[in-house]
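Chemist: Got a file for you: start.cif, mmCIF, C-alpha atoms.
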```
data_target
loop_
_atom_site.label_atom_id
_atom_site.label_comp_id
_atom_site.auth_asym_id
_atom_site.auth_seq_id
_atom_site.Cartn_x
_atom_site.Cartn_y
_atom_site.Cartn_z
CA LEU A 1370 0.00 0.00 0.00
CA ARG A 1371 1.13 3.55 -0.68
CA PRO A 1372 1.70 5.71 2.40
CA GLY A 1373 -1.46 7.70 3.00
CA ALA A 1374 -3.52 5.63 0.56
CA PRO A 1375 -7.18 6.69 0.51
CA ALA A 1376 -9.72 4.54 2.33
CA PRO A 1377 -11.55 2.03 0.12
CA GLY A 1378 -15.00 3.46 0.78
CA LEU A 1379 -16.46 -0.03 0.31
CA THR A 1380 -17.98 -2.62 2.61
CA ALA A 1381 -18.24 -6.39 2.46
CA GLN A 1382 -20.93 -8.54 3.96
CA ASN A 1383 -19.91 -10.72 6.92
CA ALA A 1384 -16.55 -8.95 7.17
CA ASP A 1385 -14.55 -8.71 10.41
CA ASN A 1386 -12.80 -5.63 8.96
CA GLY A 1387 -9.40 -6.99 9.92
CA GLU A 1388 -6.21 -6.61 7.90
CA MET A 1389 -7.19 -9.10 5.19
CA ASP A 1390 -10.62 -7.60 4.66
CA GLN A 1391 -9.19 -4.08 4.49
CA LEU A 1392 -6.58 -5.19 1.97
CA ALA A 1393 -9.21 -6.95 -0.13
CA LEU A 1394 -11.49 -3.91 -0.09
CA ALA A 1395 -8.61 -1.61 -1.04
CA SER A 1396 -7.88 -3.97 -3.94
CA VAL A 1397 -11.47 -3.87 -5.17
CA ALA A 1398 -11.62 -0.08 -4.85
CA ASP A 1399 -8.48 0.23 -6.97
CA LEU A 1400 -9.87 -2.24 -9.50
CA TYR A 1401 -13.01 -0.11 -9.75
CA ASP A 1402 -10.84 2.94 -10.50
CA TYR A 1403 -9.02 1.04 -13.21
CA TRP A 1404 -12.01 -0.53 -14.92
CA ASN A 1405 -14.14 2.63 -14.71
CA THR A 1406 -11.64 4.18 -17.11
CA GLU A 1407 -10.35 1.20 -19.05
CA LEU A 1408 -13.59 -0.56 -19.95
CA PRO A 1409 -15.20 2.33 -21.87
CA ALA A 1410 -11.85 3.25 -23.44
CA ASP A 1411 -11.24 -0.24 -24.82
CA PHE A 1412 -14.76 -1.56 -25.42
CA ASP A 1413 -16.77 1.03 -27.33
CA GLY A 1414 -17.78 3.16 -24.38
CA GLN A 1415 -19.19 0.31 -22.30
CA LYS A 1416 -19.48 1.43 -18.69
CA PHE A 1417 -18.21 -0.63 -15.79
CA THR A 1418 -20.83 -1.27 -13.12
CA PRO A 1419 -19.60 -2.07 -9.60
CA LEU A 1420 -20.19 -5.56 -8.30
CA ALA A 1421 -23.58 -6.10 -6.74
CA LYS A 1422 -22.09 -7.71 -3.63
CA LEU A 1423 -18.78 -8.31 -1.84
CA VAL A 1424 -18.61 -11.05 0.79
CA SER A 1425 -15.93 -12.04 3.29
CA TYR A 1426 -15.98 -15.38 5.09
CA ASP A 1427 -13.77 -17.57 7.25
CA SER A 1428 -13.38 -21.10 5.90
CA LYS A 1429 -12.52 -22.26 9.44
CA GLY A 1430 -15.84 -21.03 10.81
CA ALA A 1431 -19.46 -22.00 10.39
CA GLY A 1432 -20.43 -22.42 6.77
CA MET A 1433 -22.63 -19.94 4.96
CA LYS A 1434 -24.28 -20.40 1.58
CA LEU A 1435 -22.64 -18.42 -1.24
CA CYS A 1436 -23.32 -19.04 -4.91
CA GLN A 1437 -25.15 -22.26 -3.96
CA THR A 1438 -21.97 -23.49 -2.22
CA SER A 1439 -21.15 -23.89 1.48
CA THR A 1440 -18.10 -21.93 2.65
CA ALA A 1441 -17.27 -24.47 5.39
CA GLY A 1442 -13.71 -25.56 4.58
CA LEU A 1443 -13.79 -23.66 1.26
CA VAL A 1444 -10.28 -22.18 0.99
CA ASN A 1445 -10.98 -20.05 -2.03
CA ALA A 1446 -11.90 -16.77 -3.64
CA PHE A 1447 -14.46 -16.65 -6.42
CA TYR A 1448 -16.68 -14.60 -8.65
CA CYS A 1449 -20.33 -15.69 -8.86
CA SER A 1450 -22.21 -14.72 -11.99
CA LEU A 1451 -25.54 -15.67 -10.40
CA ASP A 1452 -25.53 -12.58 -8.19
CA ASP A 1453 -22.56 -10.60 -9.57
CA SER A 1454 -20.50 -11.04 -6.40
CA ILE A 1455 -16.93 -11.68 -5.31
CA SER A 1456 -16.24 -13.62 -2.14
CA TRP A 1457 -12.95 -14.35 -0.37
CA ASP A 1458 -11.71 -16.50 2.48
CA ARG A 1459 -10.15 -14.16 5.05
CA GLY A 1460 -9.44 -17.02 7.44
CA VAL A 1461 -7.04 -19.23 5.47
CA LEU A 1462 -6.53 -18.28 1.81
CA LEU A 1463 -5.65 -14.59 2.03
CA PRO A 1464 -3.43 -14.88 5.14
CA GLU A 1465 -1.59 -17.88 3.68
CA LEU A 1466 -0.91 -16.15 0.37
CA SER A 1467 0.12 -12.95 2.14
CA LYS A 1468 2.56 -14.86 4.32
CA LYS A 1469 4.06 -16.84 1.44
CA PHE A 1470 4.19 -14.21 -1.28
CA GLY A 1471 3.51 -10.81 0.29
CA LYS A 1472 0.45 -8.60 0.54
CA MET A 1473 0.31 -7.86 -3.18
CA SER A 1474 -0.60 -11.51 -3.76
CA VAL A 1475 -3.97 -10.68 -2.20
CA VAL A 1476 -4.36 -7.88 -4.73
CA ALA A 1477 -3.57 -10.39 -7.49
CA VAL A 1478 -6.32 -12.74 -6.29
CA LEU A 1479 -8.90 -9.96 -6.31
CA ALA A 1480 -7.66 -8.74 -9.70
CA HIS A 1481 -8.17 -12.23 -11.13
CA GLU A 1482 -11.69 -12.52 -9.72
CA THR A 1483 -12.61 -9.04 -10.93
CA GLY A 1484 -11.32 -10.18 -14.31
CA HIS A 1485 -14.08 -12.80 -14.26
CA ALA A 1486 -16.61 -10.08 -13.46
CA VAL A 1487 -15.35 -8.02 -16.39
CA GLN A 1488 -15.57 -10.90 -18.86
CA PHE A 1489 -19.14 -11.70 -17.81
CA LYS A 1490 -20.15 -8.04 -18.02
CA LEU A 1491 -18.62 -7.86 -21.50
CA GLY A 1492 -20.27 -11.12 -22.57
CA ALA A 1493 -19.95 -11.45 -26.36
CA LYS A 1494 -17.31 -8.72 -26.45
CA SER A 1495 -15.10 -11.05 -24.45
CA GLY A 1496 -16.31 -14.12 -26.33
CA ILE A 1497 -17.97 -15.52 -23.22
CA SER A 1498 -21.11 -17.66 -23.19
CA GLN A 1499 -22.47 -20.52 -21.13
CA ALA A 1500 -20.69 -22.92 -23.48
CA THR A 1501 -17.25 -21.35 -22.96
CA LYS A 1502 -14.79 -23.77 -21.35
CA THR A 1503 -13.26 -23.00 -17.97
CA ILE A 1504 -9.72 -22.71 -19.33
CA VAL A 1505 -10.75 -19.79 -21.58
CA LYS A 1506 -12.38 -17.95 -18.69
CA GLU A 1507 -9.39 -18.52 -16.43
CA GLN A 1508 -6.80 -17.46 -18.99
CA GLN A 1509 -8.79 -14.32 -19.72
CA ALA A 1510 -9.04 -13.52 -16.00
CA ASP A 1511 -5.27 -13.93 -15.60
CA CYS A 1512 -4.79 -11.65 -18.59
CA TYR A 1513 -7.13 -8.96 -17.22
CA ALA A 1514 -5.22 -9.14 -13.92
CA GLY A 1515 -1.98 -8.57 -15.82
CA ALA A 1516 -3.43 -5.46 -17.47
CA PHE A 1517 -4.40 -4.08 -14.06
CA PHE A 1518 -0.91 -4.70 -12.66
CA ARG A 1519 0.61 -2.78 -15.59
CA TRP A 1520 -1.51 0.18 -14.45
CA ILE A 1521 -0.07 -0.16 -10.94
CA ALA A 1522 3.48 -0.55 -12.25
CA ASP A 1523 3.03 2.61 -14.32
CA GLY A 1524 2.33 4.54 -11.10
CA LYS A 1525 -1.34 5.26 -11.84
CA SER A 1526 -2.80 3.60 -8.74
CA LYS A 1527 -3.82 5.75 -5.77
CA ARG A 1528 -3.41 2.87 -3.34
CA PHE A 1529 -0.70 0.47 -4.48
CA GLN A 1530 2.81 0.43 -5.84
CA ILE A 1531 4.88 -2.46 -7.15
CA SER A 1532 8.36 -2.99 -8.54
CA THR A 1533 8.74 -4.61 -11.93
CA GLY A 1534 11.44 -6.87 -10.52
CA GLU A 1535 10.89 -8.60 -7.20
CA GLY A 1536 7.33 -7.31 -6.93
CA LEU A 1537 6.11 -8.88 -10.15
CA ASN A 1538 8.15 -12.01 -9.45
CA ARG A 1539 6.10 -12.52 -6.30
CA ILE A 1540 2.86 -12.10 -8.23
CA LEU A 1541 3.96 -14.72 -10.76
CA ALA A 1542 5.04 -16.99 -7.89
CA THR A 1543 1.50 -16.69 -6.53
CA MET A 1544 0.08 -17.80 -9.87
CA PHE A 1545 2.60 -20.64 -10.06
CA PHE A 1546 1.42 -21.82 -6.65
CA ILE A 1547 -2.21 -21.84 -7.76
CA ARG A 1548 -1.93 -23.97 -10.87
CA ASP A 1549 -3.18 -27.22 -12.33
CA PRO A 1550 -1.27 -30.36 -11.41
CA VAL A 1551 0.92 -31.82 -14.15
CA GLY A 1552 -1.10 -34.27 -16.20
CA THR A 1553 -4.33 -32.26 -16.06
CA ASP A 1554 -6.12 -31.94 -19.38
CA ALA A 1555 -6.52 -28.21 -20.06
CA ASN A 1556 -9.98 -28.79 -21.53
CA LYS A 1557 -11.43 -30.43 -18.44
CA PRO A 1558 -13.95 -28.41 -16.39
CA GLY A 1559 -12.18 -26.41 -13.70
CA SER A 1560 -8.82 -26.24 -15.48
CA HIS A 1561 -6.79 -23.06 -14.91
CA GLY A 1562 -3.65 -23.97 -16.84
CA LEU A 1563 -0.14 -24.91 -15.81
CA ALA A 1564 2.16 -22.35 -14.23
CA TRP A 1565 3.59 -21.29 -17.58
CA ASP A 1566 0.12 -20.98 -19.13
CA ARG A 1567 -0.91 -18.64 -16.34
CA GLU A 1568 2.27 -16.60 -16.70
CA PHE A 1569 1.71 -16.31 -20.46
CA ALA A 1570 -1.81 -14.95 -19.98
CA PHE A 1571 -0.75 -12.52 -17.23
CA GLN A 1572 2.13 -11.26 -19.36
CA ALA A 1573 -0.17 -10.80 -22.37
CA GLY A 1574 -2.38 -8.49 -20.34
CA PHE A 1575 0.58 -6.69 -18.78
CA GLY A 1576 2.19 -6.04 -22.14
CA LYS A 1577 -0.76 -5.51 -24.47
CA GLY A 1578 -3.80 -4.58 -22.38
CA PRO A 1579 -7.43 -5.72 -22.03
CA LYS A 1580 -8.24 -5.85 -25.75
CA THR A 1581 -5.75 -8.70 -26.09
CA CYS A 1582 -7.37 -10.49 -23.15
CA ALA A 1583 -10.80 -10.40 -24.79
CA LYS A 1584 -9.33 -12.11 -27.85
CA ILE A 1585 -8.21 -15.19 -25.92
CA ASP A 1586 -10.46 -17.99 -27.10
CA GLN A 1587 -10.43 -21.77 -27.45
CA ALA A 1588 -8.57 -21.74 -30.76
CA GLU A 1589 -5.83 -19.47 -29.40
CA ILE A 1590 -5.40 -21.63 -26.31
CA ASP A 1591 -5.41 -24.90 -28.25
CA GLY A 1592 -2.64 -23.48 -30.39
CA ARG A 1593 -0.24 -22.98 -27.49
CA ILE A 1594 -1.24 -25.21 -24.56
CA LYS A 1595 0.31 -28.64 -24.95
CA GLU A 1596 -0.73 -30.24 -21.67
CA GLN A 1597 -2.68 -33.46 -22.09
CA ASP A 1598 -4.25 -35.76 -19.56
CA PHE A 1599 -2.04 -38.63 -18.39
CA ALA A 1600 -2.95 -42.03 -19.79
CA ALA A 1601 -4.46 -44.34 -17.18
CA ASN A 1602 -1.32 -46.50 -17.00
CA ASP A 1603 1.05 -43.51 -16.92
CA ARG A 1604 -0.15 -41.85 -13.73
CA ASP A 1605 2.79 -40.80 -11.51
CA GLN A 1606 5.27 -42.22 -14.01
CA GLY A 1607 6.44 -38.91 -15.43
CA ASN A 1608 9.19 -37.89 -12.97
CA VAL A 1609 12.72 -38.87 -13.90
CA LYS A 1610 15.23 -39.83 -11.23
CA ILE A 1611 17.56 -37.10 -10.07
CA ASP A 1612 20.81 -38.94 -10.66
CA ASP A 1613 24.17 -38.31 -12.31
CA GLU A 1614 23.01 -39.48 -15.72
CA HIS A 1615 20.03 -37.15 -15.90
CA LEU A 1616 21.90 -34.23 -14.34
CA LYS A 1617 24.60 -34.53 -17.02
CA LYS A 1618 21.90 -34.39 -19.69
CA LEU A 1619 20.29 -31.40 -17.99
CA GLN A 1620 23.65 -29.60 -17.80
CA ALA A 1621 24.32 -30.27 -21.46
CA SER A 1622 20.91 -29.01 -22.56
CA LEU A 1623 21.18 -25.86 -20.44
CA ASP A 1624 24.68 -25.14 -21.76
CA ALA A 1625 23.41 -25.49 -25.32
CA ALA A 1626 20.38 -23.30 -24.68
CA PHE A 1627 22.32 -20.44 -23.09
CA LYS A 1628 25.66 -20.60 -24.91
CA GLN A 1629 24.82 -17.42 -26.85
CA ILE A 1630 25.03 -15.22 -23.73
CA GLY A 1631 28.80 -15.31 -23.91
CA GLY A 1632 29.39 -15.65 -20.16
CA ASP A 1633 30.48 -18.42 -17.85
CA LEU A 1634 27.54 -20.76 -17.42
CA PRO A 1635 26.76 -22.11 -13.93
CA LYS A 1636 27.46 -25.72 -13.10
CA ILE A 1637 25.06 -28.05 -11.31
CA VAL A 1638 26.67 -29.46 -8.17
CA GLN A 1639 25.79 -31.36 -5.00
CA ASN A 1640 26.98 -29.54 -1.91
CA GLY A 1641 24.17 -29.96 0.57
CA SER A 1642 22.42 -26.71 -0.34
CA ARG A 1643 25.26 -24.59 1.05
CA CYS A 1644 27.38 -21.83 -0.41
CA THR A 1645 30.92 -21.97 0.94
CA GLY A 1646 31.79 -18.31 0.46
CA GLY A 1647 28.56 -16.35 0.53
CA LYS A 1648 24.79 -16.35 0.78
CA PRO A 1649 22.72 -18.54 -1.55
CA THR A 1650 19.63 -17.38 -3.36
CA THR A 1651 16.23 -18.33 -1.98
CA THR A 1652 14.47 -21.67 -2.49
CA PRO A 1653 13.40 -23.78 -4.33
CA ALA A 1654 16.73 -23.78 -6.21
CA VAL A 1655 19.99 -22.53 -4.71
CA TYR A 1656 22.39 -20.48 -6.80
CA CYS A 1657 25.80 -19.61 -5.30
CA PRO A 1658 27.15 -16.46 -6.98
CA ASP A 1659 30.70 -16.86 -5.54
CA ASN A 1660 31.48 -19.99 -7.51
CA ASN A 1661 28.68 -19.82 -10.11
CA THR A 1662 27.00 -23.08 -9.14
CA VAL A 1663 23.47 -24.41 -8.73
CA ASP A 1664 22.81 -26.97 -6.02
CA HIS A 1665 20.57 -29.78 -7.26
CA HIS A 1666 20.06 -31.18 -3.76
CA ARG A 1667 17.74 -28.31 -2.91
CA ILE A 1668 15.97 -28.68 -6.22
CA GLN A 1669 15.15 -32.27 -5.38
CA ARG A 1670 13.85 -31.54 -1.90
CA GLY A 1671 12.13 -28.31 -2.74
CA LEU A 1672 10.70 -28.38 -6.22
CA PHE A 1673 9.65 -32.01 -6.16
CA GLY A 1674 8.93 -32.25 -2.45
CA GLN A 1675 7.95 -30.01 0.38
CA GLY A 1676 8.61 -26.71 -1.38
CA VAL A 1677 5.43 -26.86 -3.44
CA GLY A 1678 2.14 -28.10 -2.05
CA GLU A 1679 1.07 -31.34 -3.67
CA LYS A 1680 -2.49 -30.19 -4.04
CA GLY A 1681 -2.00 -26.43 -3.96
CA LEU A 1682 -5.05 -24.16 -4.12
CA GLN A 1683 -7.55 -23.30 -6.79
CA LEU A 1684 -9.27 -20.00 -7.39
CA VAL A 1685 -12.38 -20.78 -9.35
CA VAL A 1686 -15.30 -19.04 -10.95
CA ILE A 1687 -18.57 -20.58 -9.77
CA GLN A 1688 -21.42 -20.18 -12.22
#
```
Produce structure tokens that represent the structure in this file.
Modeler:
Amino acid sequence: LRPGAPAPGLTAQNADNGEMDQLALASVADLYDYWNTELPADFDGQKFTPLAKLVSYDSKGAGMKLCQTSTAGLVNAFYCSLDDSISWDRGVLLPELSKKFGKMSVVAVLAHETGHAVQFKLGAKSGISQATKTIVKEQQADCYAGAFFRWIADGKSKRFQISTGEGLNRILATMFFIRDPVGTDANKPGSHGLAWDREFAFQAGFGKGPKTCAKIDQAEIDGRIKEQDFAANDRDQGNVKIDDEHLKKLQASLDAAFKQIGGDLPKIVQNGSRCTGGKPTTTPAVYCPDNNTVDHHRIQRGLFGQGVGEKGLQLVVIQ
């Protein structure tokens, strides 16, 4: 948040008005500012109407009925087209994301859900109908969120500021965390895309704006998303062993891919995730700048183990 940021001027039903609710409301207020200007500018003068309802709930508490779904144990945030509302879990989801990735990750969640509201308000202008597959809606919402974050990065937000280095890296890390498991068919109901699919959509919005987001359709997605469902007899058979043979192949492929940079390429080593002469970079992979090495031990324990939740989280649009 910017120092002295204006109050949101919004309320949410069932809110406790704690830190997470205030951050969520500030996010929505900023999103209103953005879309009030951007929607008519990009879509033939169409006005943006504020959401009919904002709702906060605690997934650890007693369940309440939202969008025909009980919130008991529902660690989520979602847009509901039935009553034009956005709801968020202040008890688990928002605090967990804020702790892992910083407070701007909460802004990213609300930007994504508001992206769903925008696509439903646009309807045919965003190519959305009842027959539209989930993956199209989710990729568009990621893209609309990227367009909003460009507005923040350009210094136009009254409430938020973000760096285009570490700040955006944390936003992308948030999207990586909330992704489809490997082996998920992108065309199945509920699919959001793999980490790289989500990054692609966010970057498209960040670089080219909302008009590009509205053009994302099934044909465009089918042309770039390669993920297919695992065959029944191939489940859990996709991970290679992290051994000397495969690490040598990985090193060779990386050297070939990056040889054009003209510098000394890092070597993959096994040193117990320690840098002998300085501080390593953060997890899940450790790079030691003193001796230009990458420790594969941490990659094994982090990337394929405890560093990434096996199930992760899903932010869905409930229709």
Chemist: Record the distance separating atom CA of A:Phe1575 and atom CA of A:Ala1500, expressed in Å with one decimal.
Modeler: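 Calculated distance between atom CA of A:Phe1575 and atom CA of A:Ala1500 is 27.2 Å.
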Chemist: Have a look at A:Asp1385, A:Asp1613, A:Asp1399, A:Asp1511 and name the one nearest to A:Leu1370; count all atoms listed in the file.
Modeler: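 Checking each of A:Asp1385, A:Asp1613, A:Asp1399, A:Asp1511 against A:Leu1370, counting all atoms listed in the file, the winner is A:Asp1399.
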Chemist: Please evaluate the PyMOL selection byres ((chain A and resi 1430) around 9) against the structure above and give the resulting residues as a short mmCIF file (atom, residue, chain, number, x, y, z; two decimals) with C-alpha atoms, in the coordinates of the input.
Modeler:
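The resulting file, out-v7.cif, is shown below:
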```
data_model
loop_
_atom_site.label_atom_id
_atom_site.label_comp_id
_atom_site.auth_asym_id
_atom_site.auth_seq_id
_atom_site.Cartn_x
_atom_site.Cartn_y
_atom_site.Cartn_z
CA TYR A 1426 -15.98 -15.38 5.09
CA ASP A 1427 -13.77 -17.57 7.25
CA SER A 1428 -13.38 -21.10 5.90
CA LYS A 1429 -12.52 -22.26 9.44
CA ALA A 1431 -19.46 -22.00 10.39
CA GLY A 1432 -20.43 -22.42 6.77
CA THR A 1440 -18.10 -21.93 2.65
CA ALA A 1441 -17.27 -24.47 5.39
CA GLY A 1442 -13.71 -25.56 4.58
CA GLY A 1460 -9.44 -17.02 7.44
#
```
Chemist: Care to translate the PyMOL selection byres ((chain A and resi 1479) around 9) into actual residues of this file, as a list in words?
Modeler: Ala1393, Ser1396, Val1397, Leu1400, Ala1446, Phe1447, Ile1455, Trp1457, Ser1474, Val1475, Val1476, Ala1477, Val1478, Ala1480, His1481, Glu1482, Thr1483, Gly1484 and Ala1514 of chain A
Chemist: Can you tell me how far atom CA of A:Lys1422 sits from atom CA of A:Lys1527, in Å to one decimal?
Modeler: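 The value is 22.8 Å.
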Chemist: Check which residues satisfy the PyMOL selection byres ((chain A and resi 1418) around 9) in the file shown, then give them as a list in words.
Modeler: Tyr1401, Asn1405, Lys1416, Phe1417, Pro1419, Leu1420, Ala1421 and Lys1490 of chain A
Chemist: Between atom CA of A:Gln1572 and atom CA of A:Gln1415, what distance in Å does the model show, to one decimal?
Modeler: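 Interatomic distance, atom CA of A:Gln1572 to atom CA of A:Gln1415: 24.4 Å.
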